[in-house]
Amino acid sequence: MQPTSRQFHENVDKALHDADLQTALFRVDKNFTSRRTAAVTAMPEFEALRDDAVRIKDHTLAHLDLYLEKFEENVTANGGQVHWASTPEDARRIILELCQAAGARTVTKGKSMIAEEVALNPFLEANGITPVETDLGEYIIQLADEPPSHIIGPAIHKTKEQVSDLFVAHHEKYGKTKRLTEGVDLVAEAREVLRPRYLEADVGITGANFLIAETGTSVIVTNEGNGDLTQQLPRTHIVIASLEKVVPTLEDASTILRVLARSATGQQMSVYTTFSTGPRRPDDPDGPDSYHVVLVDNGRSKLLGTEFQDILRCIRCGACFNHCPVYASIGGHAYGWVYSGPMGAVLTPTMIGIEEAHHLPSATPFCGRCEAVCPMRIPLPKMMRHWREQAFDKKLDTARQRLAVKAWAWVAQRPALYRRLTGLAVRYLAWRGRPLGRMRDLPFAAGWTDARDLPAPQGQTFAAQWARRRGAKG
Amino acid sequence: MSGRGAILGRVRASLGPRDEDAARAAVAARLKRHPRNLVPDRANVGEAERVEMFVSQIEATHASVARVAAPDDVPAAVAAYLAQHNLPAAATLAPDVADLDWGSQPLLEARTGVPAEQDQVGVTAAFAAIAETGTLMLTSGRGSPITLNLLPDNHVVVLRRSQITGSLEDAWDALRASGGDAGMPRTAMFVSGPSSTADIELTLYLGAHGPRRLHIVLIED
């Protein structure tokens with residue numbers, strides 16, 4: 001998709017004034033966070049499991065080339081085939097060729113972020129192949145022609161009424177003309193419309209939550225079972241996955257599964273966790289005749305050994321989205337590309353460039369909740385800081401911001417002057433904030449005071465109070 | 001193969017110099033020994049507790065469980081389940097469960113094989129079950145069509161008490177022990193409840209694409 005991350009501020013403005021979106025975001029906050037907390041509390045070993053999960057990924061990344069070779073060896077031994085794609089273009093071309101070789105006219109798809117990343121659907125369509133998304137959320141946004149707004153709930157920004165409208169507009173060709181108002185009926189209609197699509201598809205494309213080197217297996221995790229139908233019914237199953245999805249063994253995948261669902265939806269296990277190894281065996285009564293795995297790099301190999309390596313531990317659970325005050329205010333689309341939330345603020349610049357995406361790592365209060373809940377302990381705030389440094393070095397911010405930062409740095413390096421100026425500022429603000437204890441407007445700070453009041457400082461600066469307390473104790 | 005060489009080359013360049021022999025040895029050892037990581041304590045319990053844990057956990061996911069004394073009681077339990085939900089007395093059986101005494105239920109129309117589009121009930125056998133999370137492990141093979149776990153609206157799974165393990169790792173051990181040189185089956189599905197979705201306003205609905213109902217017939221052997 002064409003990134004709109006440069007227009008981040010316009011996007012944010014739109015999001016903040018979208019009442020439906022704000023209702024939806026409130027629901028995210030209310031549901032996901034409490035469910036995760038309950039699931040984590042019920043697992044006494046959760047912190048230790050996180051440590052193990054981090055160790056597994058760090059070990060794998062340090063030996064990534066070797067595990068990828070082993071993975072390929074075992075896929076091949078089981079009758080499947082691995083394809084290597086350096087770029088999104090490579091990935092699209094390889095998949096198109098596989099679809100054409102299978103004589104495909106329609107393909108069904110399980111939910112896959114990497115397929116969004118390489119913009120697979122528009123490319124297949126342009127080449128005469130109809131992709132049908134089967135995850136209900138992905139299906140809804142495919143009808144709406146929108147990107148996902150949340151990594152595990154692509155359509156969480158849509159209201160029930162908006163889904164009804166989309167179904168009315170797109171299901172008439174299947175003889176469905178009644179406008180449905182109940183969620184249960186909408187789910188049933190989607191099921192009825194999609195079932196024949198599974199049966200007629202020539203190729204099923206899924207992503208992968210894990211690839212297992214030991215066995216040459218790909219793993220998908222869903223609640224709907226759509227990924228299972230997608231891969232079992234057509235003659236050809238294509239898996240698209242990025243390099244860092246590989247883990248060494250079945251045991252290693254099992255450990256990470258224990259933190260994945262709990263962090264994502266608060267489940268112990270998702271409803272379907274499916275391990276697929278090669279095509280159907282000669283004795284098998286069903287299953288696909290051929291099995292392909294397309295491994296996508298798209299810049300990830302260059303992140304190894306850099307200050308951004310840890311983002312490759314990400315298992316796409318969405319916990320950082322659900323606990324982010326910025327995401328909770330603006331939703332996913334404002335970020336302007338496929339990935340949003342804190343992990344998107346770190347990953348997106350690696351793919352579309354910091355020039356395009358420098359607003360994203362800047363939009364953070366550094367509250368640290370994302371890192372606190374990340375099952376893989378990814379230091380997201382630290383990496384956003386690294387991006388800010390790069391943005392500053394590349395002069396991507398405005399002249400006024402740069403001047404302000406430079407002025408602050410100059411003063412901050414002179415402690416006596418800093419103390420005197422901040423002391424003056426605090427007294428001025430306290431005076432100005434009388435008698436309400438807050439101020440409605442302030443010179444140079446309209447960006448803050450236009451939307452809310454600024455509380456007036458109470459008494460002295462922190463440094464002054466600290467010095468006084470220490471003096472009192474000492 | 002230019003893609004492959006280029007990608008692996010970039011990975012190696014980024015990782016930098018390392019002791020190649022030690023790295024290869026570490027990888028080979030991990031794959032060969034597949035050591036367990038931390039397994040939660042609650043998975044390490046005796047058989048009786050394991051069975052109760054499995055039942056209560058899977059019931060919490062909107063699945064139901066019926067207990068029978070012996071394998072030959074399974075067909076009657078299936079017939080009772082169909083009657084309870086006002087379903088037609090017809091079921092498609094996996095070959096793995098076709099040997100049970102279906103003749104004891106003359107009113108039940110039982111057919112064996114892969115499911116047809118209109119089939120409403122599938123009966124399959126579990127490979128194992130996991131107490132820790134209340135999860136069924138279903139594997140593909142000659143006697144177990146995988147689509148029978150997915151296409152019919154009602155899925156009945158036959159499980160023996162002795163197949164219930166504590167952890168996911170125990171289930172992998174059971175699979176490794178059973179497979180010999182055959183390795184992994186094409187598909188190993190872990191199923192924790194009926195198909196569900198929360199993609200519309202984060203409200204939970206059952207029966208998204210897979211079975212709306214999941215019923216376990218547990219043989220107390």
# chains A, B, ... in the order shown; residues from 1 in each chain; ligands from 1

$ interface_residues --of "chain A" --to "chain B" --cutoff "7 Å" --atoms "only C-alpha atoms" --output "ChimeraX atom specification"
/A:45,49,52,62-63,65,84-86,136-137,153,155-156,159-160,183-184,187,191,214,223-226,229,232,248-249,251,254-255,268-281,283-286,297,301-302,304-305

$ residues_around --residues "B:Ala80" --least-positions-apart "2" --cutoff "12 Å" --atoms "only C-alpha atoms" --output "PyMOL selection string"
chain B and resi 66+68+73-78+82-90+105+107-108+156+215+217

$ write_last_selection --atoms "C-alpha atoms" --output "CSV table (one decimal), in the first residue's frame"
chain,number,residue,atom,x,y,z
B,66,ALA,CA,-19.8,-37.2,27.8
B,68,VAL,CA,-18.7,-43.7,28.7
B,73,ASP,CA,-20.7,-47.4,24.3
B,74,VAL,CA,-19.5,-44.6,22.0
B,75,PRO,CA,-22.2,-45.1,19.2
B,76,ALA,CA,-25.0,-44.7,21.8
B,77,ALA,CA,-23.4,-41.6,23.2
B,78,VAL,CA,-23.2,-40.1,19.7
B,82,LEU,CA,-27.5,-35.9,18.1
B,83,ALA,CA,-31.0,-36.4,19.6
B,84,GLN,CA,-30.2,-33.8,22.4
B,85,HIS,CA,-29.4,-31.2,19.7
B,86,ASN,CA,-32.3,-32.1,17.4
B,87,LEU,CA,-29.8,-33.2,14.7
B,88,PRO,CA,-30.7,-35.7,12.0
B,89,ALA,CA,-29.5,-39.2,13.0
B,90,ALA,CA,-26.7,-39.3,10.5
B,105,GLN,CA,-27.6,-47.9,16.7
B,107,LEU,CA,-31.5,-45.7,13.5
B,108,LEU,CA,-28.2,-43.9,13.1
B,156,VAL,CA,-17.6,-35.3,17.9
B,215,HIS,CA,-18.3,-32.7,21.8
B,217,VAL,CA,-16.8,-38.7,24.1

$ select_by_dssp --residues "stretch 31-85 of chain B" --states "strand (DSSP E)" --output "PyMOL selection string"
chain B and resi 64-68

$ write_last_selection --atoms "N, CA and C atoms" --output "CSV table (one decimal), in the first residue's frame"
chain,number,residue,atom,x,y,z
B,64,SER,N,-18.4,-29.6,25.0
B,64,SER,CA,-19.1,-30.5,26.0
B,64,SER,C,-18.4,-31.9,26.0
B,65,VAL,N,-18.6,-32.6,27.2
B,65,VAL,CA,-17.9,-33.8,27.3
B,65,VAL,C,-18.9,-34.9,27.8
B,66,ALA,N,-19.0,-36.1,27.2
B,66,ALA,CA,-19.8,-37.2,27.8
B,66,ALA,C,-18.8,-38.3,28.1
B,67,ARG,N,-19.0,-38.9,29.2
B,67,ARG,CA,-18.1,-40.0,29.6
B,67,ARG,C,-18.8,-41.4,29.4
B,68,VAL,N,-18.1,-42.3,28.8
B,68,VAL,CA,-18.7,-43.7,28.7
B,68,VAL,C,-17.7,-44.7,29.2

$ residues_around --residues "stretch 421-428 of chain A" --least-positions-apart "6" --cutoff "9 Å" --atoms "only C-alpha atoms" --output "MDAnalysis selection string"
chainID A and resid 411 456:461 464

$ atom_distance --atom1 "atom CA of A:Cys324" --atom2 "atom CA of A:Gly447"
21.2 Å

$ residues_around --residues "A:Ala144" --least-positions-apart "5" --cutoff "9 Å" --atoms "only C-alpha atoms" --output "JSON, numbers by chain"
{"A": [139, 163, 166]}

$ write_last_selection --atoms "N, CA and C atoms" --output "mmCIF file, in the first residue's frame"
data_model
loop_
_atom_site.group_PDB
_atom_site.id
_atom_site.type_symbol
_atom_site.label_atom_id
_atom_site.label_comp_id
_atom_site.auth_asym_id
_atom_site.auth_seq_id
_atom_site.Cartn_x
_atom_site.Cartn_y
_atom_site.Cartn_z
ATOM 1 N N TYR A 139 -11.762 -10.360 5.833
ATOM 2 C CA TYR A 139 -12.804 -10.361 4.799
ATOM 3 C C TYR A 139 -13.544 -9.023 4.805
ATOM 4 N N VAL A 163 -20.465 -3.083 9.099
ATOM 5 C CA VAL A 163 -20.337 -4.430 8.537
ATOM 6 C C VAL A 163 -21.623 -4.796 7.791
ATOM 7 N N LEU A 166 -21.609 -3.176 4.425
ATOM 8 C CA LEU A 166 -20.690 -3.823 3.485
ATOM 9 C C LEU A 166 -21.286 -5.120 2.953
#

$ atom_distance --atom1 "atom CA of A:Gly341" --atom2 "atom CA of A:Leu360"
8.8 Å

$ atom_distance --atom1 "atom CA of A:Arg179" --atom2 "atom CA of A:Thr230"
27.6 Å

$ residues_around --residues "stretch 196-200 of chain A" --least-positions-apart "4" --cutoff "8 Å" --atoms "only C-alpha atoms" --output "number ranges by chain"
A: 106, 108, 132, 192, 229-230, 233-234

$ closest_residue --among "B:Thr92, B:Ser178, B:Thr165, B:Asn154" --to "B:Ile216" --atoms "only C-alpha atoms"
B:Asn154
